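Visitor: Next comes work15.txt, compact mmCIF, C-alpha atoms:
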# COMPACT_ATOMS: atom_id res chain seq x y z
CA MET A 10 144.78 127.30 166.70
CA ASN A 11 147.39 125.78 164.40
CA LYS A 12 145.87 125.66 160.90
CA ALA A 13 147.88 122.53 160.14
CA TRP A 14 145.52 120.46 162.31
CA ALA A 15 142.57 121.08 160.01
CA LEU A 16 144.64 120.46 156.89
CA LEU A 17 146.00 117.19 158.25
CA ARG A 18 142.49 116.17 159.23
CA LEU A 19 141.15 116.74 155.72
CA ALA A 20 144.04 114.90 154.04
CA SER A 21 144.14 112.03 156.54
CA PRO A 22 143.38 108.49 155.30
CA GLN A 23 141.39 108.21 158.54
CA LEU A 24 138.78 110.64 157.20
CA PRO A 25 135.76 108.30 157.18
CA ILE A 26 134.74 108.57 153.55
CA GLY A 27 136.02 105.23 152.25
CA GLY A 28 138.62 106.47 149.77
CA TYR A 29 140.81 103.44 150.51
CA SER A 30 138.09 101.20 149.02
CA TYR A 31 138.67 102.35 145.44
CA SER A 32 141.58 101.97 143.03
CA GLN A 33 140.36 104.24 140.18
CA GLY A 34 141.29 101.66 137.58
CA LEU A 35 144.76 100.97 138.95
CA GLU A 36 143.87 97.45 140.09
CA MET A 37 142.82 96.60 136.54
CA ALA A 38 146.02 98.15 135.17
CA VAL A 39 147.93 95.74 137.42
CA GLU A 40 145.70 92.83 136.34
CA GLN A 41 146.38 93.60 132.67
CA SER A 42 150.15 93.98 133.30
CA ILE A 43 150.12 97.63 132.29
CA VAL A 44 151.56 98.36 135.73
CA THR A 45 154.08 95.73 136.79
CA ASP A 46 156.81 97.51 138.77
CA PRO A 47 157.73 100.91 140.26
CA PRO A 48 158.72 102.54 136.93
CA SER A 49 155.48 101.54 135.20
CA ALA A 50 153.52 102.57 138.31
CA ALA A 51 155.21 105.98 138.22
CA ARG A 52 154.23 106.39 134.55
CA TRP A 53 150.60 105.44 135.23
CA ILE A 54 150.24 107.73 138.24
CA GLY A 55 152.20 110.55 136.61
CA ASP A 56 150.01 110.44 133.52
CA GLN A 57 146.91 110.51 135.71
CA LEU A 58 148.22 113.55 137.55
CA LEU A 59 149.31 115.64 134.58
CA LEU A 60 146.96 114.52 131.81
CA ASN A 61 143.76 114.13 133.79
CA LEU A 62 143.76 115.60 137.29
CA ALA A 63 145.71 118.76 136.44
CA ARG A 64 143.52 119.50 133.42
CA TYR A 65 140.08 118.77 134.82
CA GLU A 66 139.60 117.17 138.24
CA ALA A 67 141.91 119.55 140.11
CA PRO A 68 140.71 122.86 138.60
CA LEU A 69 137.11 121.72 139.03
CA LEU A 70 137.73 120.88 142.69
CA LEU A 71 139.49 124.22 143.18
CA ALA A 72 136.49 126.00 141.70
CA HIS A 73 134.21 124.15 144.14
CA CYS A 74 136.36 125.20 147.09
CA THR A 75 136.53 128.82 145.92
CA ALA A 76 132.76 129.02 145.45
CA ALA A 77 132.12 127.54 148.89
CA ALA A 78 134.57 129.95 150.53
CA GLU A 79 132.95 132.93 148.80
CA ASP A 80 129.32 132.00 149.56
CA ASP A 81 128.64 131.55 145.86
CA TRP A 82 125.90 128.96 146.34
CA ALA A 83 124.48 129.21 142.82
CA GLY A 84 127.94 128.73 141.34
CA LEU A 85 128.65 125.84 143.69
CA HIS A 86 125.43 124.10 142.67
CA ARG A 87 126.30 124.51 138.98
CA LEU A 88 129.79 123.13 139.55
CA SER A 89 128.38 120.21 141.51
CA GLU A 90 126.08 119.30 138.63
CA GLU A 91 129.01 119.51 136.20
CA HIS A 92 131.06 117.23 138.42
CA ARG A 93 128.21 114.72 138.66
CA ALA A 94 127.75 114.65 134.88
CA SER A 95 131.47 114.21 134.20
CA ARG A 96 131.80 110.73 135.73
CA GLU A 97 132.64 108.55 132.71
CA THR A 98 131.76 105.15 134.17
CA ARG A 99 129.31 103.65 136.63
CA GLU A 100 132.22 102.78 138.92
CA LEU A 101 133.55 106.36 139.02
CA HIS A 102 130.03 107.71 139.53
CA LEU A 103 129.34 105.39 142.47
CA GLU A 104 132.73 106.15 144.01
CA SER A 105 132.17 109.91 143.93
CA ARG A 106 128.58 109.56 145.14
CA GLN A 107 129.43 107.27 148.04
CA MET A 108 132.33 109.40 149.22
CA GLY A 109 130.22 112.54 148.89
CA TYR A 110 127.43 110.92 150.91
CA SER A 111 129.92 109.94 153.61
CA LEU A 112 131.21 113.50 153.79
CA GLN A 113 127.63 114.78 154.01
CA GLN A 114 126.93 112.48 156.97
CA LEU A 115 130.17 113.53 158.65
CA LEU A 116 129.57 117.26 158.21
CA ASN A 117 125.97 117.07 159.38
CA GLY A 118 127.21 115.67 162.68
CA LEU A 119 129.91 118.29 163.26
CA PRO A 120 129.48 121.71 164.86
CA GLU A 121 131.94 123.48 162.54
CA LEU A 122 129.62 123.62 159.53
CA ASP A 123 127.92 127.03 159.57
CA LEU A 124 124.23 127.63 158.90
CA PRO A 125 124.51 128.83 155.26
CA ALA A 126 126.60 125.80 154.28
CA ARG A 127 124.38 123.45 156.29
CA GLY A 128 121.28 124.82 154.59
CA PHE A 129 122.87 124.43 151.15
CA LEU A 130 123.94 120.86 151.88
CA GLU A 131 120.40 119.95 152.95
CA GLN A 132 119.13 121.01 149.52
CA ILE A 133 121.50 118.65 147.70
CA GLY A 134 119.97 115.23 147.47
CA GLU A 135 123.05 113.44 146.20
CA PRO A 136 126.29 115.34 146.92
CA HIS A 137 129.41 114.10 145.19
CA LEU A 138 132.96 114.14 146.47
CA ALA A 139 134.06 117.56 145.18
CA LEU A 140 131.09 119.29 146.81
CA GLY A 141 131.61 117.53 150.12
CA TRP A 142 135.32 118.33 150.04
CA ALA A 143 134.64 122.02 149.40
CA LEU A 144 132.18 122.24 152.29
CA ALA A 145 134.56 120.41 154.61
CA ALA A 146 137.28 122.91 153.70
CA ARG A 147 134.88 125.77 154.46
CA ALA A 148 133.85 124.21 157.78
CA TRP A 149 137.47 123.80 158.88
CA GLN A 150 138.53 127.19 157.46
CA ILE A 151 140.99 125.76 154.96
CA ASN A 152 141.71 128.05 152.02
CA PRO A 153 140.97 126.69 148.51
CA GLN A 154 144.62 126.22 147.51
CA ASP A 155 145.38 124.20 150.64
CA ALA A 156 142.20 122.19 150.19
CA LEU A 157 143.32 121.33 146.66
CA ALA A 158 146.77 120.33 147.93
CA ALA A 159 145.17 118.09 150.56
CA TRP A 160 143.03 116.41 147.90
CA LEU A 161 145.97 115.82 145.58
CA TRP A 162 148.01 114.38 148.44
CA SER A 163 145.21 112.06 149.57
CA TRP A 164 144.74 110.89 145.97
CA LEU A 165 148.44 110.05 145.62
CA GLU A 166 148.57 108.35 149.00
CA ASN A 167 145.60 106.18 148.07
CA GLN A 168 147.16 105.18 144.74
CA LEU A 169 150.33 104.12 146.51
CA ALA A 170 148.27 102.11 149.00
CA VAL A 171 146.65 100.32 146.06
CA LEU A 172 150.07 99.41 144.70
CA MET A 173 151.20 98.02 148.05
CA LYS A 174 148.18 95.68 148.02
CA THR A 175 148.31 94.61 144.37
CA LEU A 176 152.04 94.59 143.54
CA PRO A 177 155.02 93.21 145.46
CA LEU A 178 155.70 96.80 146.55
CA GLY A 179 156.98 97.43 150.05
CA GLN A 180 156.80 100.59 152.13
CA GLN A 181 160.33 101.73 151.27
CA ALA A 182 159.62 101.39 147.54
CA ALA A 183 156.39 103.32 148.05
CA GLN A 184 158.32 106.11 149.77
CA ARG A 185 160.77 106.25 146.87
CA LEU A 186 157.82 106.59 144.52
CA THR A 187 156.46 109.35 146.75
CA SER A 188 159.73 111.26 146.38
CA GLU A 189 159.58 110.83 142.62
CA LEU A 190 155.93 111.84 142.27
CA THR A 191 155.65 114.68 144.77
CA PRO A 192 157.04 117.27 142.30
CA LEU A 193 154.24 116.23 139.93
CA LEU A 194 151.71 117.11 142.63
CA GLN A 195 153.13 120.62 142.64
CA ARG A 196 152.98 120.80 138.84
CA ALA A 197 149.39 119.57 138.86
CA GLN A 198 148.35 122.15 141.46
CA GLN A 199 150.10 124.97 139.62
CA HIS A 200 148.56 123.99 136.29
CA ALA A 201 145.09 123.71 137.83
CA THR A 202 145.49 127.15 139.40
CA GLU A 203 146.69 128.88 136.25
CA LEU A 204 144.38 127.16 133.76
CA ASP A 205 141.82 129.41 132.08
CA PRO A 206 138.34 128.06 132.96
CA GLU A 207 137.49 127.98 129.25
CA TYR A 208 140.15 125.30 128.76
CA ILE A 209 139.24 123.02 131.65
CA GLY A 210 138.68 119.54 130.27
CA SER A 211 140.19 116.12 129.85
CA ALA A 212 139.62 112.92 127.89
CA PRO A 213 141.16 110.10 129.96
CA PHE A 214 140.18 107.20 127.70
CA GLY A 215 142.65 104.81 129.31
CA LEU A 216 141.25 105.51 132.75
CA ALA A 217 137.66 105.06 131.55
CA LEU A 218 138.50 101.75 129.86
CA ALA A 219 140.35 100.49 132.93
CA SER A 220 137.43 101.50 135.13
CA MET A 221 134.86 99.77 132.91
CA ALA A 222 136.98 96.62 132.82
CA HIS A 223 137.37 96.75 136.60
CA GLU A 224 133.59 96.72 136.99
CA ARG A 225 133.64 93.21 135.47
CA GLN A 226 136.91 91.97 136.97
CA TYR A 227 136.27 88.52 138.42
CA SER A 228 138.54 88.78 141.45
CA ARG A 229 139.34 92.15 142.97
CA LEU A 230 140.29 93.80 146.23
CA PHE A 231 138.70 97.17 145.58
CA ARG A 232 135.10 98.25 145.18
CA SER A 233 133.36 98.70 141.89
Taking this structure as input, can you express it in the form of structure tokens?

Guide:
Amino acid sequence: MNKAWALLRLASPQLPIGGYSYSQGLEMAVEQSIVTDPPSAARWIGDQLLLNLARYEAPLLLAHCTAAAEDDWAGLHRLSEEHRASRETRELHLESRQMGYSLQQLLNGLPELDLPARGFLEQIGEPHLALGWALAARAWQINPQDALAAWLWSWLENQLAVLMKTLPLGQQAAQRLTSELTPLLQRAQQHATELDPEYIGSAPFGLALASMAHERQYSRLFRS
């Protein structure tokens, strides 16, 4: 079977986990006029990719996927707890928890999840997104690097969808931004892969502040 089918399935916006419901602070950045046009949007998203995702979220997700692929259940549980504890705001915590729960429900209803992974998932009362993503990659036999690439792509695609709903940004402008930002996806993946585990960490204060402000935003399109 063509391995691309599984990869496209994992990265698809049609994966029923509700990722389109969240803006990860971008809606508030638009509200506060931090992001007003394609150049400022590119700066915001680029900074997120290289200063946050590449340094912490991406290597942590890659570690989840590697542990799941190697049957390292103790390591996967430890990583899952680290991921849970690292959510800086209530909004980010609820987003990761809800998407992880949705992935859990999806995987429990699919035949591809093998017995060891199914048994591990049953022991986790509140799986978060990274854990669910790693187990989905295992179920669909997607290697950790490709699973990371799919996650980065889905993250970027969702951010661009947020911009199309909150800015006067059309589809052609979004595609131009995609061309500009795709090389940063590669840089983020490479950095996450090469980063020594001792140096995994990030301090995205701007993202945390935007997320906390979004929780209290009076009028919004995206969940908090």

Visitor: Smallest atom-to-atom distance to Gln150 (chain A): which of A:Leu85, A:Leu60, A:Ala201, A:Cys74, using only C-alpha atoms?

Guide: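 Counting only C-alpha atoms, the residue closest to Gln150 (chain A) is A:Cys74.
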
Visitor: Nearest to Gln132 (chain A) among A:Leu218, A:Trp82, A:Ala51, A:Ser111, with distances taken over all atoms listed in the file: which residue is it?

Guide: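 Closest candidate: A:Trp82.
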
Visitor: Considering all atoms listed in the file, tabulate each residue of region 111-204 of chain A that lies at most 9 Å from region 23-45 of chain A along with its nearest interatomic pair and the corresponding distance in Å to one decimal; arrange the rows by chain and ascending residue number and present them as a Markdown table.

Guide:
| residue | atom | partner | partner_atom | distance |
| --- | --- | --- | --- | --- |
| A:Ser111 | CA | A:Ile26 | CA | 5.0 |
| A:Leu112 | CA | A:Ile26 | CA | 6.1 |
| A:Leu115 | CA | A:Pro25 | CA | 7.8 |
| A:Ser163 | CA | A:Gly28 | CA | 8.6 |
| A:Trp164 | CA | A:Gly28 | CA | 8.5 |
| A:Asn167 | CA | A:Tyr29 | CA | 6.0 |
| A:Gln168 | CA | A:Ser32 | CA | 6.7 |
| A:Ala170 | CA | A:Tyr29 | CA | 7.7 |
| A:Val171 | CA | A:Ser32 | CA | 6.1 |
| A:Leu172 | CA | A:Glu36 | CA | 8.0 |
| A:Thr175 | CA | A:Glu36 | CA | 6.8 |
| A:Leu176 | CA | A:Thr45 | CA | 7.1 |

Visitor: Please produce an output containing C-alpha atoms for each residue in the selection, written as a short mmCIF file (atom, residue, chain, number, x, y, z; two decimals), in the coordinates of the input.

Guide:
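Saved as selection-v5.cif:
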data_model
loop_
_atom_site.label_atom_id
_atom_site.label_comp_id
_atom_site.auth_asym_id
_atom_site.auth_seq_id
_atom_site.Cartn_x
_atom_site.Cartn_y
_atom_site.Cartn_z
CA SER A 111 129.92 109.94 153.61
CA LEU A 112 131.21 113.50 153.79
CA LEU A 115 130.17 113.53 158.65
CA SER A 163 145.21 112.06 149.57
CA TRP A 164 144.74 110.89 145.97
CA ASN A 167 145.60 106.18 148.07
CA GLN A 168 147.16 105.18 144.74
CA ALA A 170 148.27 102.11 149.00
CA VAL A 171 146.65 100.32 146.06
CA LEU A 172 150.07 99.41 144.70
CA THR A 175 148.31 94.61 144.37
CA LEU A 176 152.04 94.59 143.54
#

Visitor: So, counting all atoms listed in the file, which residue among A:Leu138, A:Glu90, A:Trp14, A:Leu169 is closest to Gln181 (chain A)?

Guide: A:Leu169

Visitor: Do a neighbour search on His102 (chain A) at 8 Å with all atoms listed in the file, toss out local chain neighbours closer than 5 positions, and write the hits as a PyMOL selection string.

Guide: chain A and resi 93+96-97

Visitor: Pick the closest to Trp142 (chain A) from A:Gln226, A:Ser105, A:Thr202, A:Gln184: which is it, counting all atoms listed in the file?

Guide: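 Of the candidates, the smallest distance to Trp142 (chain A) is held by A:Ser105.
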
Visitor: Work out how far apart CA of Glu104 (chain A) and CA of Pro68 (chain A) are and give it in Å to one decimal.

Guide: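 Separating CA of Glu104 (chain A) from CA of Pro68 (chain A) is a distance of 19.3 Å.
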
Visitor: For CA of Arg64 (chain A) and CA of Glu91 (chain A), quote the distance in Å rounded to one decimal.

Guide: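 Going from CA of Arg64 (chain A) over to CA of Glu91 (chain A) covers 14.8 Å.
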
Visitor: Go through A:Glu224, A:Arg185, A:Ala217, A:Arg232 one by one, measure the shortest atom-to-atom distance of each to Asn61 (chain A) using all atoms listed in the file, and give the residue with the smallest value.

Guide: A:Ala217

Visitor: Determine, counting only C-alpha atoms, which protein, DNA and RNA residues have an atom within 7 Å of an atom of region 197-200 of chain A; residues of the same chain fewer than 6 positions away are not included. Present the result as an MDAnalysis selection string.

Guide: chainID A and resid 58:59 63 158

Visitor: Which neighbours of Leu17 (chain A) fall inside 12 Å, counting only C-alpha atoms, when residues of the same chain fewer than 5 positions from it are skipped, and could you give them as a PDB file with C-alpha atoms, in the coordinates of the input?

Guide:
ATOM      1  CA  ASN A  11     147.390 125.780 164.400  1.00  0.00           C
ATOM      2  CA  LYS A  12     145.870 125.660 160.900  1.00  0.00           C
ATOM      3  CA  PRO A  22     143.380 108.490 155.300  1.00  0.00           C
ATOM      4  CA  GLN A  23     141.390 108.210 158.540  1.00  0.00           C
ATOM      5  CA  LEU A  24     138.780 110.640 157.200  1.00  0.00           C
ATOM      6  CA  ALA A 146     137.280 122.910 153.700  1.00  0.00           C
ATOM      7  CA  TRP A 149     137.470 123.800 158.880  1.00  0.00           C
ATOM      8  CA  ILE A 151     140.990 125.760 154.960  1.00  0.00           C
ATOM      9  CA  ASP A 155     145.380 124.200 150.640  1.00  0.00           C
ATOM     10  CA  ALA A 156     142.200 122.190 150.190  1.00  0.00           C
ATOM     11  CA  ALA A 158     146.770 120.330 147.930  1.00  0.00           C
ATOM     12  CA  ALA A 159     145.170 118.090 150.560  1.00  0.00           C
ATOM     13  CA  TRP A 160     143.030 116.410 147.900  1.00  0.00           C
ATOM     14  CA  TRP A 162     148.010 114.380 148.440  1.00  0.00           C
ATOM     15  CA  SER A 163     145.210 112.060 149.570  1.00  0.00           C
TER      16      SER A 163
END

Visitor: Dump as an mmCIF file with C-alpha atoms, in the coordinates of the input all residues having an atom at most 6 Å from (127.0, 115.0, 146.3), computed in the file's coordinates with only C-alpha atoms.

Guide:
data_model
loop_
_atom_site.group_PDB
_atom_site.id
_atom_site.type_symbol
_atom_site.label_atom_id
_atom_site.label_comp_id
_atom_site.auth_asym_id
_atom_site.auth_seq_id
_atom_site.Cartn_x
_atom_site.Cartn_y
_atom_site.Cartn_z
ATOM 1 C CA ARG A 106 128.580 109.560 145.140
ATOM 2 C CA GLY A 109 130.220 112.540 148.890
ATOM 3 C CA GLU A 135 123.050 113.440 146.200
ATOM 4 C CA PRO A 136 126.290 115.340 146.920
ATOM 5 C CA HIS A 137 129.410 114.100 145.190
ATOM 6 C CA LEU A 140 131.090 119.290 146.810
#

Visitor: Please measure the separation of CA of Met221 (chain A) and CA of Glu100 (chain A), giving the value in Å to one decimal.

Guide: 7.2 Å

Visitor: Write out as a PyMOL selection string the residues lying within 12 Å of Asp80 (chain A), counting all atoms listed in the file and excluding same-chain residues fewer than 2 positions away.

Guide: chain A and resi 73-78+82-86+123-129+143-144+147

Visitor: With distances taken over all atoms listed in the file, which of A:Gly134, A:Ala50, A:Ser211, A:Leu16 is nearest to Pro153 (chain A)?

Guide: A:Leu16

Visitor: Will you model N, CA and C atoms for region 199-227 of chain A and pass it back as a CSV table (one decimal), in the coordinates of the input?

Guide:
chain,number,residue,atom,x,y,z
A,199,GLN,N,149.8,123.7,140.3
A,199,GLN,CA,150.1,125.0,139.6
A,199,GLN,C,149.3,125.1,138.3
A,200,HIS,N,149.3,124.0,137.6
A,200,HIS,CA,148.6,124.0,136.3
A,200,HIS,C,147.1,124.2,136.5
A,201,ALA,N,146.5,123.6,137.5
A,201,ALA,CA,145.1,123.7,137.8
A,201,ALA,C,144.8,125.1,138.2
A,202,THR,N,145.7,125.8,138.9
A,202,THR,CA,145.5,127.2,139.4
A,202,THR,C,145.6,128.1,138.3
A,203,GLU,N,146.5,127.9,137.3
A,203,GLU,CA,146.7,128.9,136.2
A,203,GLU,C,145.8,128.6,135.0
A,204,LEU,N,145.1,127.5,134.9
A,204,LEU,CA,144.4,127.2,133.8
A,204,LEU,C,143.2,128.1,133.6
A,205,ASP,N,143.0,128.6,132.4
A,205,ASP,CA,141.8,129.4,132.1
A,205,ASP,C,140.6,128.5,132.2
A,206,PRO,N,139.5,128.9,132.8
A,206,PRO,CA,138.3,128.1,133.0
A,206,PRO,C,137.8,127.6,131.6
A,207,GLU,N,138.0,128.4,130.6
A,207,GLU,CA,137.5,128.0,129.2
A,207,GLU,C,138.2,126.7,128.7
A,208,TYR,N,139.4,126.4,129.3
A,208,TYR,CA,140.2,125.3,128.8
A,208,TYR,C,140.2,124.1,129.7
A,209,ILE,N,139.3,124.2,130.7
A,209,ILE,CA,139.2,123.0,131.6
A,209,ILE,C,138.6,121.9,130.9
A,210,GLY,N,139.2,120.7,130.9
A,210,GLY,CA,138.7,119.5,130.3
A,210,GLY,C,139.7,118.5,130.1
A,211,SER,N,139.3,117.2,130.0
A,211,SER,CA,140.2,116.1,129.8
A,211,SER,C,139.5,115.0,129.2
A,212,ALA,N,140.2,114.1,128.6
A,212,ALA,CA,139.6,112.9,127.9
A,212,ALA,C,140.4,111.7,128.3
A,213,PRO,N,140.3,111.2,129.5
A,213,PRO,CA,141.2,110.1,130.0
A,213,PRO,C,140.6,108.7,129.5
A,214,PHE,N,140.8,108.4,128.2
A,214,PHE,CA,140.2,107.2,127.7
A,214,PHE,C,140.7,106.0,128.4
A,215,GLY,N,142.0,106.0,128.7
A,215,GLY,CA,142.6,104.8,129.3
A,215,GLY,C,142.1,104.6,130.7
A,216,LEU,N,141.8,105.6,131.4
A,216,LEU,CA,141.2,105.5,132.8
A,216,LEU,C,139.8,105.0,132.6
A,217,ALA,N,139.0,105.5,131.7
A,217,ALA,CA,137.7,105.1,131.6
A,217,ALA,C,137.6,103.6,131.2
A,218,LEU,N,138.5,103.2,130.3
A,218,LEU,CA,138.5,101.8,129.9
A,218,LEU,C,138.9,100.8,131.0
A,219,ALA,N,139.9,101.3,131.8
A,219,ALA,CA,140.4,100.5,132.9
A,219,ALA,C,139.2,100.4,134.0
A,220,SER,N,138.5,101.5,134.2
A,220,SER,CA,137.4,101.5,135.1
A,220,SER,C,136.3,100.6,134.7
A,221,MET,N,135.9,100.6,133.4
A,221,MET,CA,134.9,99.8,132.9
A,221,MET,C,135.3,98.3,133.0
A,222,ALA,N,136.5,98.0,132.7
A,222,ALA,CA,137.0,96.6,132.8
A,222,ALA,C,137.0,96.2,134.3
A,223,HIS,N,137.3,97.1,135.2
A,223,HIS,CA,137.4,96.8,136.6
A,223,HIS,C,136.0,96.4,137.1
A,224,GLU,N,135.0,97.0,136.6
A,224,GLU,CA,133.6,96.7,137.0
A,224,GLU,C,133.3,95.2,136.8
A,225,ARG,N,133.9,94.6,135.8
A,225,ARG,CA,133.6,93.2,135.5
A,225,ARG,C,134.8,92.3,135.9
A,226,GLN,N,135.8,92.8,136.6
A,226,GLN,CA,136.9,92.0,137.0
A,226,GLN,C,136.4,90.9,137.9
A,227,TYR,N,136.8,89.6,137.7
A,227,TYR,CA,136.3,88.5,138.4
A,227,TYR,C,136.7,88.6,139.9
